[in-house]
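Student: The following file, structure_0.cif, comprises mmCIF, C-alpha atoms:
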data_protein
loop_
_atom_site.label_atom_id
_atom_site.label_comp_id
_atom_site.auth_asym_id
_atom_site.auth_seq_id
_atom_site.Cartn_x
_atom_site.Cartn_y
_atom_site.Cartn_z
CA MET A 9 -16.57 32.19 -18.50
CA GLY A 10 -13.76 34.47 -17.41
CA LYS A 11 -10.21 33.34 -18.05
CA GLU A 12 -9.58 32.44 -14.43
CA SER A 13 -7.61 29.59 -12.93
CA ILE A 14 -8.79 27.23 -10.21
CA ARG A 15 -6.77 25.26 -7.71
CA PHE A 16 -7.92 22.22 -5.76
CA LEU A 17 -6.73 19.14 -3.86
CA HIS A 18 -7.92 15.57 -4.26
CA SER A 19 -7.78 12.98 -1.49
CA GLY A 20 -9.80 10.19 0.12
CA ASP A 21 -9.56 6.74 1.70
CA PHE A 22 -8.47 8.18 5.05
CA HIS A 23 -9.87 5.05 6.76
CA LEU A 24 -9.50 6.63 10.17
CA GLU A 25 -11.16 3.56 11.65
CA ARG A 26 -8.31 1.27 10.52
CA PRO A 27 -5.09 0.77 12.51
CA MET A 28 -1.67 0.26 11.00
CA GLN A 29 -0.91 -3.34 9.97
CA ASP A 30 2.02 -5.77 9.53
CA LEU A 31 3.74 -4.76 12.75
CA THR A 32 5.86 -7.01 14.94
CA ASP A 33 7.15 -6.22 18.44
CA ILE A 34 6.74 -2.46 18.01
CA PRO A 35 8.64 -0.55 20.73
CA GLU A 36 6.84 1.73 23.14
CA HIS A 37 8.35 4.91 21.73
CA LEU A 38 6.72 4.29 18.33
CA LYS A 39 3.29 3.05 19.41
CA ALA A 40 1.69 6.45 19.96
CA ALA A 41 3.04 7.75 16.65
CA LEU A 42 1.64 4.70 14.84
CA VAL A 43 -1.81 5.23 16.34
CA ASP A 44 -1.79 8.90 15.36
CA ALA A 45 -0.28 8.47 11.88
CA PRO A 46 -3.53 8.10 9.84
CA TRP A 47 -5.07 11.07 11.63
CA LYS A 48 -1.99 13.25 11.23
CA ALA A 49 -1.71 12.39 7.54
CA ALA A 50 -5.35 13.41 7.00
CA GLU A 51 -4.79 16.57 8.99
CA ALA A 52 -1.76 17.39 6.83
CA PHE A 53 -4.00 17.23 3.76
CA PHE A 54 -6.38 19.84 5.19
CA GLU A 55 -3.47 21.94 6.43
CA THR A 56 -2.07 22.03 2.89
CA ALA A 57 -5.44 23.21 1.58
CA LEU A 58 -5.24 26.17 3.98
CA ILE A 59 -1.60 26.96 3.27
CA GLU A 60 -2.10 26.80 -0.50
CA ASN A 61 -5.38 28.71 -0.23
CA VAL A 62 -7.08 26.41 -2.72
CA ASP A 63 -10.57 26.98 -4.07
CA PHE A 64 -11.95 23.63 -2.97
CA VAL A 65 -11.05 20.06 -1.97
CA LEU A 66 -12.34 16.81 -3.44
CA LEU A 67 -12.90 13.82 -1.15
CA THR A 68 -13.59 10.50 -2.84
CA GLY A 69 -14.86 8.33 -0.03
CA ASP A 70 -13.95 5.95 2.78
CA LEU A 71 -12.83 8.74 5.09
CA LEU A 72 -14.04 6.99 8.22
CA ASN A 73 -16.66 4.71 9.68
CA PRO A 74 -18.32 6.96 12.29
CA ILE A 75 -19.46 3.94 14.28
CA SER A 76 -15.96 2.46 14.53
CA THR A 77 -14.18 5.73 15.29
CA GLY A 78 -16.79 6.88 17.76
CA ALA A 79 -17.33 10.59 18.32
CA ALA A 80 -13.66 11.34 17.65
CA GLY A 81 -14.06 10.64 13.92
CA PRO A 82 -16.92 13.02 13.06
CA ALA A 83 -15.48 15.60 15.47
CA PHE A 84 -12.17 15.51 13.61
CA LEU A 85 -13.81 16.01 10.22
CA LEU A 86 -16.06 18.78 11.48
CA ASP A 87 -13.08 20.63 12.88
CA GLN A 88 -11.24 20.39 9.55
CA PHE A 89 -14.32 21.38 7.53
CA GLU A 90 -14.91 24.41 9.73
CA ARG A 91 -11.31 25.52 9.36
CA LEU A 92 -11.78 25.41 5.58
CA ALA A 93 -15.09 27.26 5.87
CA GLN A 94 -13.36 30.15 7.60
CA ARG A 95 -11.26 30.57 4.46
CA ASN A 96 -14.19 30.08 2.05
CA ILE A 97 -12.82 26.76 0.82
CA SER A 98 -15.54 24.41 -0.40
CA VAL A 99 -15.60 20.64 0.21
CA TYR A 100 -17.06 18.18 -2.30
CA TRP A 101 -17.41 14.73 -0.77
CA ALA A 102 -18.50 11.51 -2.49
CA GLY A 103 -18.89 8.78 0.11
CA GLY A 104 -17.54 5.25 -0.24
CA SER A 105 -18.50 2.01 1.48
CA VAL A 106 -17.43 2.86 5.03
CA ASP A 107 -18.64 6.49 4.96
CA ASP A 108 -22.02 5.78 3.40
CA PRO A 109 -24.10 8.97 3.82
CA ASP A 110 -26.67 6.96 5.77
CA ARG A 111 -24.05 6.28 8.44
CA TRP A 112 -23.35 9.93 9.17
CA PRO A 113 -24.92 10.84 12.56
CA GLU A 114 -28.22 12.61 11.98
CA ALA A 115 -27.60 14.89 14.95
CA VAL A 116 -24.34 16.18 13.47
CA SER A 117 -24.89 18.85 10.84
CA LEU A 118 -22.21 19.48 8.25
CA PRO A 119 -21.00 23.07 7.66
CA ALA A 120 -22.49 24.97 4.72
CA ASN A 121 -19.24 24.70 2.73
CA VAL A 122 -19.57 20.88 2.54
CA HIS A 123 -21.53 19.16 -0.22
CA TYR A 124 -21.99 15.47 0.61
CA PHE A 125 -23.18 13.79 -2.58
CA SER A 126 -26.17 11.47 -2.59
CA LYS A 127 -25.77 7.76 -3.26
CA LYS A 128 -29.05 7.62 -5.14
CA GLU A 129 -28.03 9.61 -8.19
CA VAL A 130 -25.31 11.78 -9.67
CA GLN A 131 -25.63 15.37 -8.51
CA SER A 132 -24.21 18.48 -10.13
CA VAL A 133 -22.77 21.47 -8.26
CA VAL A 134 -21.26 24.59 -9.84
CA PHE A 135 -18.27 26.26 -8.24
CA ARG A 136 -18.37 30.04 -8.62
CA ARG A 137 -15.97 32.83 -7.82
CA ASN A 138 -17.34 36.37 -7.70
CA GLY A 139 -20.44 35.18 -9.52
CA SER A 140 -18.53 33.51 -12.38
CA ALA A 141 -19.07 29.79 -12.96
CA LEU A 142 -15.62 28.17 -13.14
CA ALA A 143 -16.14 24.46 -12.52
CA THR A 144 -18.95 21.92 -12.60
CA ILE A 145 -18.55 19.11 -10.07
CA LEU A 146 -20.48 15.89 -10.67
CA GLY A 147 -20.55 13.43 -7.82
CA ARG A 148 -22.21 10.37 -6.44
CA SER A 149 -21.54 8.48 -3.25
CA SER A 150 -21.14 4.73 -3.59
CA ASP A 151 -24.36 2.72 -3.54
CA GLY A 152 -22.50 -0.54 -3.01
CA ARG A 153 -21.69 -1.32 -6.62
CA GLU A 154 -18.08 -2.26 -7.29
CA SER A 155 -17.70 -0.40 -10.60
CA ILE A 156 -18.24 3.21 -11.56
CA ARG A 157 -20.93 3.71 -14.21
CA SER A 158 -19.44 6.43 -16.35
CA ALA A 159 -22.65 6.95 -18.37
CA GLU A 160 -24.31 8.46 -15.31
CA PHE A 161 -21.86 11.38 -15.30
CA GLN A 162 -23.33 13.60 -17.99
CA CYS A 163 -24.08 17.30 -17.95
CA ASP A 164 -24.13 20.48 -19.98
CA ALA A 165 -20.83 21.97 -18.86
CA ASP A 166 -21.53 25.39 -20.41
CA GLY A 167 -17.81 26.10 -20.77
CA THR A 168 -16.85 25.25 -17.20
CA TYR A 169 -14.15 22.79 -16.16
CA VAL A 170 -15.93 19.49 -15.47
CA ILE A 171 -14.89 17.29 -12.57
CA ALA A 172 -16.39 13.90 -11.70
CA LEU A 173 -16.13 12.38 -8.20
CA ALA A 174 -16.69 8.66 -7.76
CA HIS A 175 -15.73 5.76 -5.52
CA GLY A 176 -15.21 2.29 -6.96
CA HIS A 177 -13.42 0.31 -9.63
CA ALA A 178 -12.70 2.44 -12.69
CA ASP A 179 -12.46 1.21 -16.26
CA ARG A 180 -10.31 3.70 -18.13
CA GLU A 181 -11.83 3.12 -21.57
CA SER A 182 -15.32 3.54 -20.18
CA LEU A 183 -14.40 6.81 -18.46
CA LEU A 184 -12.82 8.16 -21.64
CA SER A 185 -16.19 7.96 -23.39
CA GLU A 186 -17.60 10.79 -21.26
CA ARG A 187 -16.95 14.51 -21.62
CA ILE A 188 -15.20 14.94 -18.27
CA ASP A 189 -12.05 17.03 -17.78
CA PHE A 190 -10.92 15.47 -14.51
CA TRP A 191 -11.96 12.14 -12.97
CA ALA A 192 -11.31 12.06 -9.21
CA ILE A 193 -11.54 8.44 -8.09
CA GLY A 194 -11.36 6.71 -4.72
CA ASN A 195 -11.27 3.09 -3.56
CA ASP A 196 -7.73 1.91 -4.34
CA HIS A 197 -5.36 2.78 -1.48
CA THR A 198 -2.38 3.34 -3.75
CA ARG A 199 -2.06 6.61 -5.65
CA LYS A 200 -2.31 6.04 -9.40
CA THR A 201 -2.62 7.81 -12.73
CA LEU A 202 -5.11 6.11 -15.04
CA HIS A 203 -4.76 8.70 -17.79
CA GLY A 204 -1.93 11.21 -17.70
CA GLU A 205 -3.30 13.74 -20.17
CA ALA A 206 -6.68 15.34 -20.73
CA PRO A 207 -9.07 13.99 -19.73
CA HIS A 208 -7.15 13.40 -16.53
CA MET A 209 -7.97 10.37 -14.40
CA ARG A 210 -6.46 10.12 -10.95
CA ILE A 211 -6.82 7.72 -8.04
CA CYS A 212 -5.79 9.52 -4.89
CA GLY A 213 -4.92 6.53 -2.69
CA SER A 214 -4.77 6.82 1.07
CA PRO A 215 -2.78 9.61 2.77
CA GLN A 216 -1.19 6.93 4.99
CA GLY A 217 -0.26 3.40 3.93
CA ARG A 218 -1.41 0.71 6.34
CA GLY A 219 0.74 -2.31 5.46
CA PHE A 220 3.16 -3.95 3.09
CA ASP A 221 0.37 -4.31 0.52
CA GLU A 222 0.36 -0.49 0.45
CA GLU A 223 4.10 0.13 0.20
CA GLY A 224 5.74 3.36 -0.85
CA ALA A 225 4.77 7.01 -0.77
CA HIS A 226 1.22 8.14 0.09
CA GLY A 227 -0.46 11.51 -0.06
CA PHE A 228 -2.83 13.40 -2.36
CA TRP A 229 -3.07 15.24 -5.68
CA THR A 230 -2.63 18.99 -6.12
CA VAL A 231 -4.30 20.32 -9.28
CA GLU A 232 -4.07 23.77 -10.86
CA VAL A 233 -6.21 24.52 -13.93
CA ASP A 234 -5.60 27.64 -15.99
CA GLY A 235 -8.15 29.65 -17.95
CA THR A 236 -7.72 27.43 -21.01
CA HIS A 237 -8.43 24.29 -18.93
CA ASP A 238 -4.84 23.12 -19.08
CA ALA A 239 -4.18 21.23 -15.84
CA GLN A 240 -0.94 20.94 -13.92
CA ILE A 241 -1.11 17.99 -11.50
CA ALA A 242 1.41 17.15 -8.81
CA ALA A 243 1.66 14.40 -6.21
CA SER A 244 2.11 15.62 -2.65
CA ASP A 245 3.21 13.26 0.13
CA CYS A 246 1.85 13.50 3.66
CA ASP A 247 2.43 10.05 5.18
CA TYR A 248 4.18 9.74 8.54
CA PHE A 249 5.18 6.08 8.25
CA ARG A 250 6.23 4.31 5.08
CA TYR A 251 6.30 0.56 4.43
CA ILE A 252 9.24 -0.72 2.42
CA THR A 253 10.56 -4.15 1.41
CA GLN A 254 14.30 -4.42 0.97
CA THR A 255 15.86 -7.36 -0.87
CA LEU A 256 19.50 -8.44 -0.67
CA ASP A 257 20.33 -10.86 -3.45
CA VAL A 258 23.26 -13.20 -3.91
CA GLU A 259 25.16 -10.56 -5.88
CA ASP A 260 24.81 -8.12 -2.99
CA LEU A 261 26.17 -10.70 -0.60
CA ALA A 262 29.01 -11.56 -2.97
CA MET A 263 30.13 -7.92 -2.95
CA GLY A 264 30.46 -7.97 0.80
CA ARG A 265 29.92 -10.96 3.03
CA ASP A 266 29.09 -8.80 6.05
CA ILE A 267 25.31 -8.64 5.95
CA ARG A 268 25.25 -5.94 8.62
CA GLU A 269 27.32 -3.63 6.47
CA LEU A 270 24.97 -4.18 3.53
CA MET A 271 21.92 -3.48 5.68
CA SER A 272 23.50 -0.34 7.14
CA LYS A 273 24.16 1.03 3.67
CA ARG A 274 20.59 0.29 2.60
CA ILE A 275 19.17 2.01 5.66
CA SER A 276 21.33 5.10 5.13
CA ARG A 277 20.08 5.31 1.56
CA LEU A 278 16.46 4.86 2.66
CA GLN A 279 16.75 7.60 5.26
CA SER A 280 18.21 9.93 2.66
CA GLU A 281 15.45 9.14 0.15
CA HIS A 282 12.47 9.36 2.51
CA GLY A 283 13.34 12.36 4.65
CA THR A 284 12.09 12.48 8.23
CA ARG A 285 9.41 9.80 7.85
CA HIS A 286 9.53 6.71 9.99
CA LEU A 287 10.13 3.57 7.95
CA ILE A 288 8.80 0.07 8.53
CA VAL A 289 11.09 -2.34 6.71
CA ARG A 290 10.97 -6.05 6.05
CA TRP A 291 14.09 -7.73 4.76
CA ARG A 292 14.24 -10.42 2.09
CA VAL A 293 17.60 -12.13 1.67
CA GLU A 294 18.19 -14.51 -1.21
CA LEU A 295 20.24 -17.34 0.17
CA ASP A 296 23.82 -18.00 -0.75
CA LEU A 297 23.75 -21.55 0.58
CA GLU A 298 27.48 -22.02 0.11
CA ASN A 299 27.89 -19.43 2.86
CA ALA A 300 24.72 -20.07 4.81
CA SER A 301 26.10 -20.33 8.31
CA MET A 302 24.68 -16.86 9.01
CA VAL A 303 21.08 -18.03 8.64
CA GLY A 304 20.91 -20.03 11.85
CA PRO A 305 18.18 -18.96 14.30
CA GLU A 306 20.54 -17.36 16.79
CA ALA A 307 22.36 -15.40 14.09
CA ILE A 308 19.13 -14.13 12.56
CA ASP A 309 17.76 -13.10 15.94
CA GLU A 310 21.00 -11.31 16.65
CA ILE A 311 20.91 -9.41 13.35
CA LEU A 312 17.27 -8.44 13.80
CA GLY A 313 17.92 -7.28 17.35
CA TRP A 314 20.90 -5.26 16.19
CA LEU A 315 18.85 -3.57 13.45
CA ARG A 316 16.18 -2.60 15.94
CA ARG A 317 18.58 -1.28 18.56
CA GLU A 318 20.67 0.64 16.06
CA TYR A 319 18.03 2.28 13.86
CA SER A 320 14.66 2.45 15.63
CA HIS A 321 15.23 5.87 17.23
CA GLY A 322 15.44 9.40 15.97
CA ALA A 323 13.49 11.62 13.61
CA CYS A 324 13.63 8.98 10.85
CA SER A 325 13.47 5.71 12.76
CA VAL A 326 13.68 2.44 10.85
CA TRP A 327 11.85 -0.50 12.40
CA SER A 328 12.73 -3.88 10.94
CA THR A 329 9.77 -6.25 11.24
CA ASP A 330 11.48 -9.46 10.15
CA ILE A 331 14.19 -11.08 8.06
CA GLU A 332 13.11 -13.70 5.54
CA PHE A 333 15.70 -15.84 3.82
CA ARG A 334 14.45 -16.96 0.44
CA SER A 335 15.23 -19.78 -1.92
CA PRO A 336 18.24 -19.14 -4.18
CA LYS A 337 17.58 -18.71 -7.89
CA ALA A 338 20.01 -21.57 -8.57
CA TYR A 339 21.91 -24.08 -6.49
CA PRO A 340 25.70 -24.50 -6.94
CA ALA A 341 26.49 -26.68 -9.95
CA LYS A 342 29.05 -28.65 -7.98
CA TRP A 343 26.32 -29.79 -5.57
CA GLN A 344 24.20 -31.11 -8.43
CA GLU A 345 27.19 -33.00 -9.83
CA GLU A 346 27.96 -34.78 -6.55
CA ASP A 347 27.55 -38.53 -6.36
CA THR A 348 25.67 -38.11 -3.10
CA ILE A 349 22.11 -38.09 -1.83
CA LEU A 350 22.20 -34.30 -2.08
CA GLY A 351 23.27 -34.52 -5.74
CA ASP A 352 20.54 -37.07 -6.52
CA PHE A 353 18.01 -34.88 -4.74
CA LEU A 354 18.92 -31.74 -6.67
CA ARG A 355 18.96 -33.56 -10.01
CA THR A 356 15.51 -34.97 -9.28
CA SER A 357 14.26 -31.54 -8.28
CA GLN A 358 15.64 -30.07 -11.51
CA GLU A 359 13.76 -32.67 -13.57
CA HIS A 360 10.51 -31.78 -11.82
CA ARG A 361 11.18 -28.08 -12.42
CA LYS A 362 11.32 -28.75 -16.15
CA THR A 363 7.79 -30.21 -16.02
CA HIS A 364 6.62 -27.61 -13.46
CA GLY A 365 5.94 -30.39 -10.98
CA GLN A 366 3.08 -31.80 -13.04
CA HIS A 367 3.92 -35.39 -12.20
CA LEU A 368 4.80 -34.82 -8.56
CA ASN A 369 2.38 -35.43 -5.71
CA LEU A 370 3.71 -34.80 -2.21
CA LYS A 371 0.63 -35.89 -0.34
CA PRO A 372 1.51 -39.63 -0.02
CA LEU A 373 4.98 -38.68 1.18
CA LEU A 374 3.67 -36.29 3.79
CA GLU A 375 1.21 -38.86 5.04
CA SER A 376 3.97 -41.42 5.62
CA GLU A 377 6.99 -39.26 6.42
CA THR A 378 7.57 -36.24 8.65
CA PRO A 379 10.03 -33.89 6.93
CA GLY A 380 10.56 -30.60 8.71
CA THR A 381 8.08 -28.98 11.04
CA ALA A 382 4.32 -29.44 11.09
CA ALA A 383 3.97 -25.94 9.66
CA TRP A 384 6.07 -26.89 6.66
CA GLN A 385 4.04 -30.06 6.14
CA GLN A 386 0.89 -27.97 6.02
CA LEU A 387 2.42 -25.49 3.58
CA LEU A 388 3.37 -28.32 1.24
CA ILE A 389 0.21 -30.39 1.54
CA ASP A 390 -1.96 -27.34 0.80
CA ASP A 391 -0.71 -27.53 -2.78
CA ALA A 392 -1.39 -31.27 -3.24
CA PRO A 393 -2.34 -32.94 -5.51
CA GLY A 394 -0.08 -31.33 -8.05
CA VAL A 395 2.71 -29.03 -7.01
CA THR A 396 3.11 -25.35 -7.76
CA GLY A 397 6.48 -23.79 -8.45
CA ALA A 398 6.43 -22.13 -5.03
CA ALA A 399 5.79 -25.44 -3.28
CA LEU A 400 8.57 -27.11 -5.24
CA ASP A 401 10.93 -24.29 -4.25
CA ARG A 402 10.00 -24.76 -0.60
CA ALA A 403 10.39 -28.53 -0.79
CA THR A 404 13.78 -28.25 -2.50
CA LEU A 405 15.07 -25.71 -0.01
CA LEU A 406 13.88 -27.78 2.92
CA GLY A 407 15.55 -30.91 1.53
CA VAL A 408 18.83 -29.14 0.81
CA ASP A 409 18.93 -27.66 4.28
CA MET A 410 18.29 -31.04 5.93
CA LEU A 411 20.79 -32.90 3.74
CA ARG A 412 23.51 -30.35 4.48
CA GLY A 413 22.96 -30.72 8.21
CA HIS A 414 21.64 -27.26 9.05
CA LYS A 415 19.27 -26.84 11.96
CA VAL A 416 17.19 -23.85 11.01
CA ASP A 417 13.87 -22.92 12.60
CA LEU A 418 11.93 -22.60 9.35
CA MET A 419 8.75 -20.98 10.64
CA ALA A 420 9.74 -18.80 13.59
CA PRO A 421 7.57 -15.65 13.67
CA THR A 422 10.44 -13.16 13.46
CA ARG A 423 12.76 -15.09 11.17
CA ARG A 424 11.25 -16.79 8.17
CA PHE A 425 13.25 -19.05 5.92
CA GLY A 426 12.24 -19.98 2.41
CA GLY A 427 9.42 -17.55 1.71
CA THR A 428 5.80 -17.26 2.72
CA ARG A 429 2.61 -18.11 0.95
CA GLY A 430 1.25 -15.18 -1.00
#
Please go through the file and, once you have read it, give me the structure as structure tokens.
Tutor:
Amino acid sequence: MGKESIRFLHSGDFHLERPMQDLTDIPEHLKAALVDAPWKAAEAFFETALIENVDFVLLTGDLLNPISTGAAGPAFLLDQFERLAQRNISVYWAGGSVDDPDRWPEAVSLPANVHYFSKKEVQSVVFRRNGSALATILGRSSDGRESIRSAEFQCDADGTYVIALAHGHADRESLLSERIDFWAIGNDHTRKTLHGEAPHMRICGSPQGRGFDEEGAHGFWTVEVDGTHDAQIAASDCDYFRYITQTLDVEDLAMGRDIRELMSKRISRLQSEHGTRHLIVRWRVELDLENASMVGPEAIDEILGWLRREYSHGACSVWSTDIEFRSPKAYPAKWQEEDTILGDFLRTSQEHRKTHGQHLNLKPLLESETPGTAAWQQLLIDDAPGVTGAALDRATLLGVDMLRGHKVDLMAPTRRFGGTRG
């Protein structure tokens, strides 16, 4: 083999059939951009392949469900594949669960530069430049099994750089047992490095996050391999919207009681860190119950409305989905020392915390009493018999709020108080 380098991109999990998630009251001026975001992120991946003039691209499944996307999905991919073909850029595609090869429309032929791997067995393809074999690509589309069977990916590399494409759960130790230089893996929607040195193992993630369970940056991998098979791998971002959770704790609030000022500073920092991307932010505020007058329903609605009016426009708009006030890590000592019902309540709660609620059963109480809203009753009774730490936190917060005379709407859709079940 000649001492030549190769350059390629690795992506997958486009999921063009899936809309963006975890959105509340999205304004009209962002709706079109949200619909287009997954498609534009995928297009940016292919555009990078053209700009960088790579040798080939690796696609590790779940690009789209052609039935769900309709004709627009296959047409989009064909257009991108043909653009690559015009520049002699090959495409190696291992299908996942939603882009099972059997689902691809029979009447739609793929361009000659695309190799769509079978789901029946591992196939081997050799990438050549000017007649010289530079890389061996092993691939198999998913056949429905959850885990990747590394033993199936065997070949006589004959001095070429060996790449394996697969879609599914990957066990690092199992993959290390095979003589593969680069494992390109799809299935997880968050970009990850399973093994940071040779043999390299990379999960590409989705080019565009879809919800708060897929927070942070999204994009693809850029890989350059020199003639000695030393690989330089870089993460490239191409997402148009980014999901972020921001938490303000009691210490933050102690530094400045004006919650709007704190939020403004956070947003300025986020905009600086994430460039021109739109941001979808949910706020988590740890309660300082000694100064909790700001958590009333009207105040929270006012703050949320202000955030949306102030920051939801421009090249880097920030849309706040909700504000959730969470249980404090500790209640003021002076409350627990009071010779009052509140003091008795907190001391009792503290005793149950020491035993992790093992001897506490809320079900009889909920059947005979009606504390809080029906939604809160359901949240608490779901954990009975026996009480988890989260349920005890919710029960304590609810009791403290009631005993201190607050009237807070605990389960309003755009202002949550006390945390959600996870």
Student: (-11.9, 13.1, -2.2) in this file's frame - what residues fall within 8 Å of it? Use only C-alpha atoms and give the answer as a VMD selection string.
Tutor: chain A and resid 18 to 21 65 to 69 100 to 102 173 192 to 194 212
Student: By how many Å are atom CA of Val134 of chain A and atom CA of Glu186 of chain A apart?
Tutor: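 Pair atom CA of Val134 of chain A / atom CA of Glu186 of chain A returns 18.3 Å.
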Student: Please expand the PyMOL selection byres ((chain A and resi 135) around 12) into the concrete residues it hits in this file, giving the result as a PDB file with C-alpha atoms, keeping the file's coordinate frame.
Tutor:
ATOM      1  CA  MET A   9     -16.570  32.190 -18.500  1.00  0.00           C
ATOM      2  CA  ILE A  14      -8.790  27.230 -10.210  1.00  0.00           C
ATOM      3  CA  ARG A  15      -6.770  25.260  -7.710  1.00  0.00           C
ATOM      4  CA  PHE A  16      -7.920  22.220  -5.760  1.00  0.00           C
ATOM      5  CA  ASP A  63     -10.570  26.980  -4.070  1.00  0.00           C
ATOM      6  CA  PHE A  64     -11.950  23.630  -2.970  1.00  0.00           C
ATOM      7  CA  VAL A  65     -11.050  20.060  -1.970  1.00  0.00           C
ATOM      8  CA  ASN A  96     -14.190  30.080   2.050  1.00  0.00           C
ATOM      9  CA  ILE A  97     -12.820  26.760   0.820  1.00  0.00           C
ATOM     10  CA  SER A  98     -15.540  24.410  -0.400  1.00  0.00           C
ATOM     11  CA  VAL A  99     -15.600  20.640   0.210  1.00  0.00           C
ATOM     12  CA  TYR A 100     -17.060  18.180  -2.300  1.00  0.00           C
ATOM     13  CA  ASN A 121     -19.240  24.700   2.730  1.00  0.00           C
ATOM     14  CA  HIS A 123     -21.530  19.160  -0.220  1.00  0.00           C
ATOM     15  CA  SER A 132     -24.210  18.480 -10.130  1.00  0.00           C
ATOM     16  CA  VAL A 133     -22.770  21.470  -8.260  1.00  0.00           C
ATOM     17  CA  VAL A 134     -21.260  24.590  -9.840  1.00  0.00           C
ATOM     18  CA  ARG A 136     -18.370  30.040  -8.620  1.00  0.00           C
ATOM     19  CA  ARG A 137     -15.970  32.830  -7.820  1.00  0.00           C
ATOM     20  CA  ASN A 138     -17.340  36.370  -7.700  1.00  0.00           C
ATOM     21  CA  GLY A 139     -20.440  35.180  -9.520  1.00  0.00           C
ATOM     22  CA  SER A 140     -18.530  33.510 -12.380  1.00  0.00           C
ATOM     23  CA  ALA A 141     -19.070  29.790 -12.960  1.00  0.00           C
ATOM     24  CA  LEU A 142     -15.620  28.170 -13.140  1.00  0.00           C
ATOM     25  CA  ALA A 143     -16.140  24.460 -12.520  1.00  0.00           C
ATOM     26  CA  THR A 144     -18.950  21.920 -12.600  1.00  0.00           C
ATOM     27  CA  ILE A 145     -18.550  19.110 -10.070  1.00  0.00           C
ATOM     28  CA  LEU A 146     -20.480  15.890 -10.670  1.00  0.00           C
ATOM     29  CA  ALA A 165     -20.830  21.970 -18.860  1.00  0.00           C
ATOM     30  CA  THR A 168     -16.850  25.250 -17.200  1.00  0.00           C
ATOM     31  CA  TYR A 169     -14.150  22.790 -16.160  1.00  0.00           C
ATOM     32  CA  VAL A 170     -15.930  19.490 -15.470  1.00  0.00           C
ATOM     33  CA  ILE A 171     -14.890  17.290 -12.570  1.00  0.00           C
TER      34      ILE A 171
END
Student: Figure out the distance between atom CA of Gly213 of chain A and atom CA of Ala225 of chain A, please, to one decimal in Å.
Tutor: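 Here the two named atoms are 9.9 Å from each other.
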Student: List as a Markdown table every residue of segment 216-250 of chain A that is in contact with segment 324-341 of chain A, defined as an atom at most 10 Å from one of its atoms (using all atoms listed in the file), together with the nearest atom pair and the distance in Å rounded to one decimal, sorted by chain and then rising number.
Tutor:
| residue | atom | partner | partner_atom | distance |
| --- | --- | --- | --- | --- |
| A:Tyr248 | CA | A:Cys324 | CA | 9.8 |
| A:Phe249 | CA | A:Cys324 | CA | 9.3 |
| A:Arg250 | CA | A:Val326 | CA | 9.6 |
Student: Can you list what the PyMOL selection byres ((chain A and resi 28) around 10) grabs from this structure, as a ChimeraX atom specification?
Tutor: /A:26-27,29-31,42-46,216-219,249
Student: Calculated over all atoms listed in the file, which of the candidates A:Ile349, A:Ala52, A:Ala57, A:Leu312 has the smallest distance to Arg412 of chain A?
Tutor: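 Nearest candidate to Arg412 of chain A out of A:Ile349, A:Ala52, A:Ala57, A:Leu312: A:Ile349.
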Student: Kindly resolve the PyMOL selection byres ((chain A and resi 235-247) around 6) on the present coordinates and return the residues as a list in words.
Tutor: Lys11, Glu12, Ser13, Ala49, Pro215, Gln216, His226, Gly227, Phe228, Trp229, Thr230, Val231, Glu232, Val233, Asp234, Tyr248 and Phe249 of chain A
Student: To one decimal place, how far is atom CA of Val116 of chain A from atom CA of Phe84 of chain A in Å?
Tutor: 12.2 Å
Student: For Leu58 of chain A, which residue among A:Leu92, A:Ser150, A:Leu86, A:Gln254 is the nearest when counting all atoms listed in the file?
Tutor: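 Result for the nearest residue to Leu58 of chain A: A:Leu92.
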Student: Smallest atom-to-atom distance to Leu24 of chain A: which of A:Leu72, A:Leu406, A:Leu118, A:Leu278, using all atoms listed in the file?
Tutor: A:Leu72
Student: So that I can check the surroundings of segment 75-81 of chain A, please list as a list in words every protein, DNA and RNA residue that reaches within 10 Å of it, counting only C-alpha atoms and ignoring chain neighbours fewer than 5 positions away.
Tutor: His23, Leu24, Glu25, Arg26, Trp47, Leu86, Val106, Asp107, Arg111, Trp112 and Pro113 of chain A
